[in-house]
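Trainee: Before I ask anything, let me first share the structure, which is written out below as C-alpha coordinates.
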Amino acid sequence: MHDISTLVVSVFMGFFAIMNPIANTAVFVGLTSNQSPVERKKTALKALMTAFIMILAFSILGKAIFQLFGITLPALRLAGGILVFVVGYHMLQGTPSKMHSHQPKPKSESEPEENQSADVAISPLALPILAGPGTIATAMNYSASGSLLHIGVTIGAFACLCAITYVCFLYGPKIVEKIGESGIGIITRLMGLILTVIGMQMLIQGVHDAQQFFIK
(Lines give C-alpha, C1' and ligand atoms only; values in the text may rest on other atoms or scores of the structure.)
Protein backbone atom coordinates (compact mmCIF):
# COMPACT_ATOMS: atom_id res chain seq x y z
CA MET A 1 0.00 0.00 0.00
CA HIS A 2 2.86 2.35 0.84
CA ASP A 3 4.52 1.66 -2.53
CA ILE A 4 1.30 2.46 -4.40
CA SER A 5 0.79 5.76 -2.57
CA THR A 6 4.41 6.69 -3.21
CA LEU A 7 3.97 5.89 -6.90
CA VAL A 8 0.79 7.98 -7.13
CA VAL A 9 2.42 10.99 -5.46
CA SER A 10 5.58 10.69 -7.60
CA VAL A 11 3.65 10.48 -10.87
CA PHE A 12 1.28 13.32 -9.97
CA MET A 13 4.08 15.63 -8.83
CA GLY A 14 6.09 14.82 -11.94
CA PHE A 15 3.20 15.82 -14.20
CA PHE A 16 2.29 18.80 -12.00
CA ALA A 17 5.81 20.19 -12.18
CA ILE A 18 6.21 19.79 -15.92
CA MET A 19 2.73 21.11 -16.81
CA ASN A 20 2.86 23.90 -14.19
CA PRO A 21 -0.87 24.81 -14.26
CA ILE A 22 -0.36 28.26 -12.68
CA ALA A 23 2.26 29.43 -15.18
CA ASN A 24 0.35 27.86 -18.08
CA THR A 25 -2.76 29.71 -16.94
CA ALA A 26 -0.95 32.99 -17.58
CA VAL A 27 -0.05 31.73 -21.08
CA PHE A 28 -3.64 30.64 -21.67
CA VAL A 29 -5.00 34.04 -20.64
CA GLY A 30 -2.59 35.74 -23.04
CA LEU A 31 -3.48 33.46 -25.96
CA THR A 32 -7.24 33.78 -25.45
CA SER A 33 -7.42 37.47 -24.52
CA ASN A 34 -9.54 38.23 -27.59
CA GLN A 35 -12.05 35.44 -26.88
CA SER A 36 -15.36 35.56 -25.04
CA PRO A 37 -15.84 33.48 -21.85
CA VAL A 38 -17.74 30.82 -23.84
CA GLU A 39 -15.02 30.63 -26.50
CA ARG A 40 -12.33 30.52 -23.81
CA LYS A 41 -14.10 27.59 -22.16
CA LYS A 42 -14.29 25.69 -25.46
CA THR A 43 -10.62 26.39 -26.17
CA ALA A 44 -9.56 25.14 -22.73
CA LEU A 45 -11.64 21.96 -23.07
CA LYS A 46 -10.35 21.23 -26.58
CA ALA A 47 -6.71 21.81 -25.60
CA LEU A 48 -6.88 19.61 -22.50
CA MET A 49 -8.81 16.83 -24.25
CA THR A 50 -6.22 16.79 -27.04
CA ALA A 51 -3.36 16.68 -24.52
CA PHE A 52 -5.07 13.90 -22.55
CA ILE A 53 -5.65 11.76 -25.66
CA MET A 54 -1.99 12.15 -26.64
CA ILE A 55 -0.71 11.12 -23.19
CA LEU A 56 -3.26 8.29 -23.05
CA ALA A 57 -2.00 6.92 -26.37
CA PHE A 58 1.67 7.10 -25.37
CA SER A 59 0.95 5.54 -21.96
CA ILE A 60 -0.96 2.57 -23.40
CA LEU A 61 1.16 2.07 -26.51
CA GLY A 62 4.49 2.81 -24.86
CA LYS A 63 5.61 -0.82 -24.69
CA ALA A 64 4.48 -1.48 -28.28
CA ILE A 65 6.41 1.58 -29.46
CA PHE A 66 9.52 0.26 -27.72
CA GLN A 67 9.22 -3.09 -29.46
CA LEU A 68 8.44 -1.53 -32.85
CA PHE A 69 11.51 0.72 -32.87
CA GLY A 70 13.75 -1.54 -30.78
CA ILE A 71 13.94 0.96 -27.91
CA THR A 72 15.06 -0.22 -24.49
CA LEU A 73 13.73 1.11 -21.18
CA PRO A 74 17.19 2.40 -20.10
CA ALA A 75 17.43 4.40 -23.34
CA LEU A 76 14.04 6.00 -22.68
CA ARG A 77 14.95 6.91 -19.13
CA LEU A 78 18.27 8.41 -20.20
CA ALA A 79 16.75 10.44 -23.04
CA GLY A 80 13.65 11.34 -21.02
CA GLY A 81 15.77 12.37 -18.06
CA ILE A 82 17.78 14.74 -20.25
CA LEU A 83 14.60 16.25 -21.74
CA VAL A 84 12.95 16.75 -18.36
CA PHE A 85 16.16 18.15 -16.88
CA VAL A 86 16.52 20.68 -19.73
CA VAL A 87 12.91 21.85 -19.34
CA GLY A 88 13.37 22.15 -15.57
CA TYR A 89 16.68 23.98 -15.96
CA HIS A 90 15.13 26.63 -18.21
CA MET A 91 12.21 27.05 -15.80
CA LEU A 92 14.66 27.40 -12.91
CA GLN A 93 16.42 30.20 -14.80
CA GLY A 94 13.08 31.92 -15.38
CA THR A 95 13.22 31.39 -19.15
CA PRO A 96 10.63 29.04 -20.70
CA SER A 97 12.03 26.08 -22.60
CA LYS A 98 11.39 26.11 -26.34
CA MET A 99 10.02 22.56 -25.98
CA HIS A 100 7.19 23.79 -23.72
CA SER A 101 6.61 27.30 -25.00
CA HIS A 102 5.56 29.04 -28.15
CA GLN A 103 6.60 31.92 -30.34
CA PRO A 104 3.64 34.12 -31.23
CA LYS A 105 3.10 34.37 -34.96
CA PRO A 106 2.18 37.65 -36.62
CA LYS A 107 -1.43 37.83 -37.76
CA SER A 108 -1.85 37.15 -41.42
CA GLU A 109 -4.24 39.38 -43.32
CA SER A 110 -5.43 36.42 -45.34
CA GLU A 111 -6.16 34.31 -42.28
CA PRO A 112 -9.42 35.03 -40.45
CA GLU A 113 -9.14 35.94 -36.78
CA GLU A 114 -11.66 33.19 -35.87
CA ASN A 115 -9.36 30.50 -37.32
CA GLN A 116 -6.39 31.87 -35.40
CA SER A 117 -8.39 31.72 -32.16
CA ALA A 118 -9.45 28.14 -32.85
CA ASP A 119 -5.91 27.02 -33.74
CA VAL A 120 -4.40 27.97 -30.36
CA ALA A 121 -6.25 25.07 -28.68
CA ILE A 122 -4.20 22.52 -30.62
CA SER A 123 -1.02 24.51 -31.11
CA PRO A 124 0.56 25.86 -29.03
CA LEU A 125 -1.69 24.95 -26.06
CA ALA A 126 -2.10 21.18 -26.45
CA LEU A 127 1.26 20.77 -28.17
CA PRO A 128 3.86 21.71 -27.00
CA ILE A 129 2.71 23.56 -23.85
CA LEU A 130 0.51 20.89 -22.21
CA ALA A 131 1.77 17.72 -23.88
CA GLY A 132 5.29 18.53 -25.03
CA PRO A 133 8.24 16.14 -25.35
CA GLY A 134 9.00 16.36 -21.64
CA THR A 135 5.43 15.45 -20.67
CA ILE A 136 5.38 12.55 -23.14
CA ALA A 137 8.75 11.28 -21.91
CA THR A 138 7.52 11.48 -18.31
CA ALA A 139 4.35 9.54 -19.15
CA MET A 140 6.25 6.83 -21.02
CA ASN A 141 8.81 6.57 -18.24
CA TYR A 142 6.16 5.94 -15.57
CA SER A 143 4.13 3.51 -17.71
CA ALA A 144 7.06 1.80 -19.45
CA SER A 145 6.94 -1.32 -17.27
CA GLY A 146 3.71 -2.26 -19.01
CA SER A 147 1.91 -3.22 -15.80
CA LEU A 148 -1.75 -2.22 -15.50
CA LEU A 149 -1.00 -0.51 -12.17
CA HIS A 150 1.65 1.81 -13.60
CA ILE A 151 -0.39 2.58 -16.72
CA GLY A 152 -3.54 3.20 -14.66
CA VAL A 153 -1.74 5.47 -12.19
CA THR A 154 -0.11 7.43 -15.03
CA ILE A 155 -3.39 7.98 -16.88
CA GLY A 156 -5.31 8.72 -13.67
CA ALA A 157 -2.74 11.25 -12.44
CA PHE A 158 -2.68 13.06 -15.77
CA ALA A 159 -6.49 13.09 -15.95
CA CYS A 160 -6.65 14.59 -12.44
CA LEU A 161 -4.11 17.23 -13.41
CA CYS A 162 -6.06 18.05 -16.58
CA ALA A 163 -9.14 18.66 -14.43
CA ILE A 164 -7.17 20.97 -12.14
CA THR A 165 -5.70 22.81 -15.13
CA TYR A 166 -9.18 23.20 -16.65
CA VAL A 167 -10.42 24.93 -13.48
CA CYS A 168 -7.34 27.16 -13.49
CA PHE A 169 -7.98 28.09 -17.12
CA LEU A 170 -11.63 28.95 -16.43
CA TYR A 171 -10.64 31.32 -13.62
CA GLY A 172 -7.43 32.35 -15.38
CA PRO A 173 -7.85 36.16 -15.35
CA LYS A 174 -8.69 36.20 -11.62
CA ILE A 175 -5.79 33.85 -10.76
CA VAL A 176 -3.25 35.90 -12.75
CA GLU A 177 -4.55 39.10 -11.17
CA LYS A 178 -4.27 37.69 -7.63
CA ILE A 179 -0.85 36.04 -7.98
CA GLY A 180 0.82 38.59 -10.22
CA GLU A 181 3.90 38.17 -12.40
CA SER A 182 6.28 37.84 -9.45
CA GLY A 183 4.16 35.06 -7.91
CA ILE A 184 4.03 33.17 -11.20
CA GLY A 185 7.81 33.56 -11.53
CA ILE A 186 8.38 32.08 -8.07
CA ILE A 187 6.06 29.13 -8.78
CA THR A 188 7.75 28.52 -12.14
CA ARG A 189 11.21 28.41 -10.55
CA LEU A 190 9.97 26.05 -7.81
CA MET A 191 8.49 23.71 -10.42
CA GLY A 192 11.75 23.95 -12.34
CA LEU A 193 13.70 22.81 -9.29
CA ILE A 194 11.39 19.81 -8.87
CA LEU A 195 11.74 18.97 -12.57
CA THR A 196 15.54 19.06 -12.53
CA VAL A 197 15.52 16.63 -9.60
CA ILE A 198 13.04 14.33 -11.39
CA GLY A 199 15.13 14.48 -14.56
CA MET A 200 18.30 13.65 -12.65
CA GLN A 201 16.52 10.74 -10.93
CA MET A 202 15.44 9.41 -14.33
CA LEU A 203 19.04 9.69 -15.54
CA ILE A 204 20.40 7.85 -12.50
CA GLN A 205 17.79 5.11 -12.92
CA GLY A 206 18.60 4.92 -16.63
CA VAL A 207 22.33 4.50 -15.97
CA HIS A 208 21.61 1.80 -13.38
CA ASP A 209 19.22 -0.04 -15.74
CA ALA A 210 21.72 0.24 -18.60
CA GLN A 211 24.44 -1.37 -16.46
CA GLN A 212 22.11 -4.22 -15.54
CA PHE A 213 21.05 -4.57 -19.20
CA PHE A 214 24.60 -4.94 -20.50
CA ILE A 215 25.65 -7.24 -17.65
CA LYS A 216 22.92 -9.65 -18.74
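Convention: chains lettered A, B, ... in C-alpha coordinates order; per-chain residue numbering from 1; ligands numbered from 1 as shown.
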Which neighbours of Ile164 (chain A) fall inside 8 Å, counting only C-alpha atoms, when residues of the same chain fewer than 4 positions from it are skipped, and could you give them as a list in words?
Mentor: Pro21, Cys160 and Cys168 of chain A
Trainee: Next, write the just-selected residues to a file, as a PDB file, in the first residue's frame, keeping C-alpha atoms as the atom set.
Mentor:
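Written file, selection.pdb:
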ATOM      1  CA  PRO A  21      -0.868  24.815 -14.258  1.00  0.00           C
ATOM      2  CA  CYS A 160      -6.645  14.586 -12.442  1.00  0.00           C
ATOM      3  CA  CYS A 168      -7.336  27.164 -13.494  1.00  0.00           C
TER       4      CYS A 168
END
Trainee: For the structure I just gave you, how does DSSP split region 39-191 of chain A - specifically, which residues are alpha helix (DSSP H)? Reply as a PyMOL selection string.
Mentor: chain A and resi 39-69+73-92+113-119+133-143+148-170+172-191
Trainee: With only C-alpha atoms as the basis for distance, which of A:Ala51, A:Val8, A:Ile198, A:Met140 is at the shortest distance from Gly156 (chain A)?
Mentor: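 Ranked by minimum distance to Gly156 (chain A), first place goes to A:Val8.
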Trainee: If you measure from CA of Val27 (chain A) to CA of Pro124 (chain A), what distance in Å do you get, rounded to one decimal?
Mentor: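 Between CA of Val27 (chain A) and CA of Pro124 (chain A) the gap is 9.9 Å.
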Trainee: Go through region 16-55 of chain A residue by residue and, counting only C-alpha atoms, keep those with an atom at most 12 Å from region 80-95 of chain A; for each kept residue give the shortest atom pair and its distance in Å to one decimal, ordered by chain and increasing number, as a Markdown table.
Mentor:
| residue | atom | partner | partner_atom | distance |
| --- | --- | --- | --- | --- |
| A:Ala17 | CA | A:Gly88 | CA | 8.5 |
| A:Ile18 | CA | A:Gly88 | CA | 7.5 |
| A:Met19 | CA | A:Val87 | CA | 10.5 |
| A:Asn20 | CA | A:Met91 | CA | 10.0 |
| A:Ala23 | CA | A:Met91 | CA | 10.2 |
Trainee: Which residue gives the smallest distance to Glu181 (chain A) among A:Thr72, A:Thr138, A:Thr25, A:Thr32, with only C-alpha atoms counted?
Mentor: A:Thr25
Trainee: Using only C-alpha atoms, find the one residue out of A:Ser59, A:Gln205, A:Ser123, A:Ser143 that sits nearest to Thr43 (chain A).
Mentor: A:Ser123
Trainee: Using only C-alpha atoms, which residue out of A:Ala26, A:Leu161, A:Ala137, A:Ser5 lies closest to Ser182 (chain A)?
Mentor: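 Smallest separation from Ser182 (chain A) among the options: A:Ala26.
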Trainee: Counting only C-alpha atoms, what is within 12 Å of His150 (chain A), bar same-chain residues fewer than 4 positions away, as a list in words?
Mentor: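 These residues fall inside the cut-off: Asp3, Ile4, Ser5, Thr6, Leu7, Val8, Ser10, Val11, Ser59, Ile60, Gly62, Ala139, Met140, Asn141, Tyr142, Ser143, Ala144, Ser145, Gly146, Thr154, Ile155, Gly156 and Ala157 of chain A.
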Trainee: Suppose you want the space between CA of Gly30 (chain A) and CA of Phe169 (chain A); what is it in Å?
Mentor: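 CA of Phe169 (chain A) lies 11.1 Å from CA of Gly30 (chain A).
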Trainee: So which one's closest to Thr165 (chain A), A:Ala126, A:Gln35, A:Gly183, A:Val197? Using only C-alpha atoms, please.
Mentor: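 Counting only C-alpha atoms, the residue closest to Thr165 (chain A) is A:Ala126.
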Trainee: Between A:Ala47, A:Val38, A:Val176, A:Ile55, which has the minimum distance to Val120 (chain A) (counting only C-alpha atoms)?
Mentor: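 Closest to Val120 (chain A) of all the choices is A:Ala47.
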Trainee: Find the residues near Arg77 (chain A): any atom within 7 Å, counting only C-alpha atoms, skip ones fewer than 2 places away on the same chain, and give them as a short mmCIF file (atom, residue, chain, number, x, y, z; two decimals) with N, CA and C atoms, in the first residue's frame.
Mentor:
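As written to disk, result_22.cif reads:
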data_model
loop_
_atom_site.label_atom_id
_atom_site.label_comp_id
_atom_site.auth_asym_id
_atom_site.auth_seq_id
_atom_site.Cartn_x
_atom_site.Cartn_y
_atom_site.Cartn_z
N LEU A 73 14.18 0.26 -22.28
CA LEU A 73 13.73 1.11 -21.18
C LEU A 73 14.86 2.02 -20.66
N PRO A 74 16.10 1.51 -20.52
CA PRO A 74 17.19 2.40 -20.10
C PRO A 74 17.39 3.58 -21.05
N ALA A 75 17.26 3.32 -22.36
CA ALA A 75 17.43 4.40 -23.34
C ALA A 75 16.36 5.47 -23.16
N ALA A 79 17.19 9.36 -22.18
CA ALA A 79 16.75 10.44 -23.04
C ALA A 79 15.68 11.30 -22.36
N GLY A 80 14.71 10.61 -21.72
CA GLY A 80 13.65 11.34 -21.02
C GLY A 80 14.19 12.16 -19.88
N GLY A 81 15.17 11.63 -19.16
CA GLY A 81 15.77 12.37 -18.06
C GLY A 81 16.44 13.64 -18.53
N ASN A 141 7.91 7.07 -19.27
CA ASN A 141 8.81 6.57 -18.24
C ASN A 141 8.03 5.87 -17.12
N MET A 202 15.64 10.25 -13.14
CA MET A 202 15.44 9.41 -14.33
C MET A 202 16.77 9.04 -14.96
N LEU A 203 17.72 9.98 -14.99
CA LEU A 203 19.04 9.69 -15.54
C LEU A 203 19.78 8.65 -14.71
N GLY A 206 18.24 5.39 -15.29
CA GLY A 206 18.60 4.92 -16.63
C GLY A 206 20.00 4.35 -16.69
#
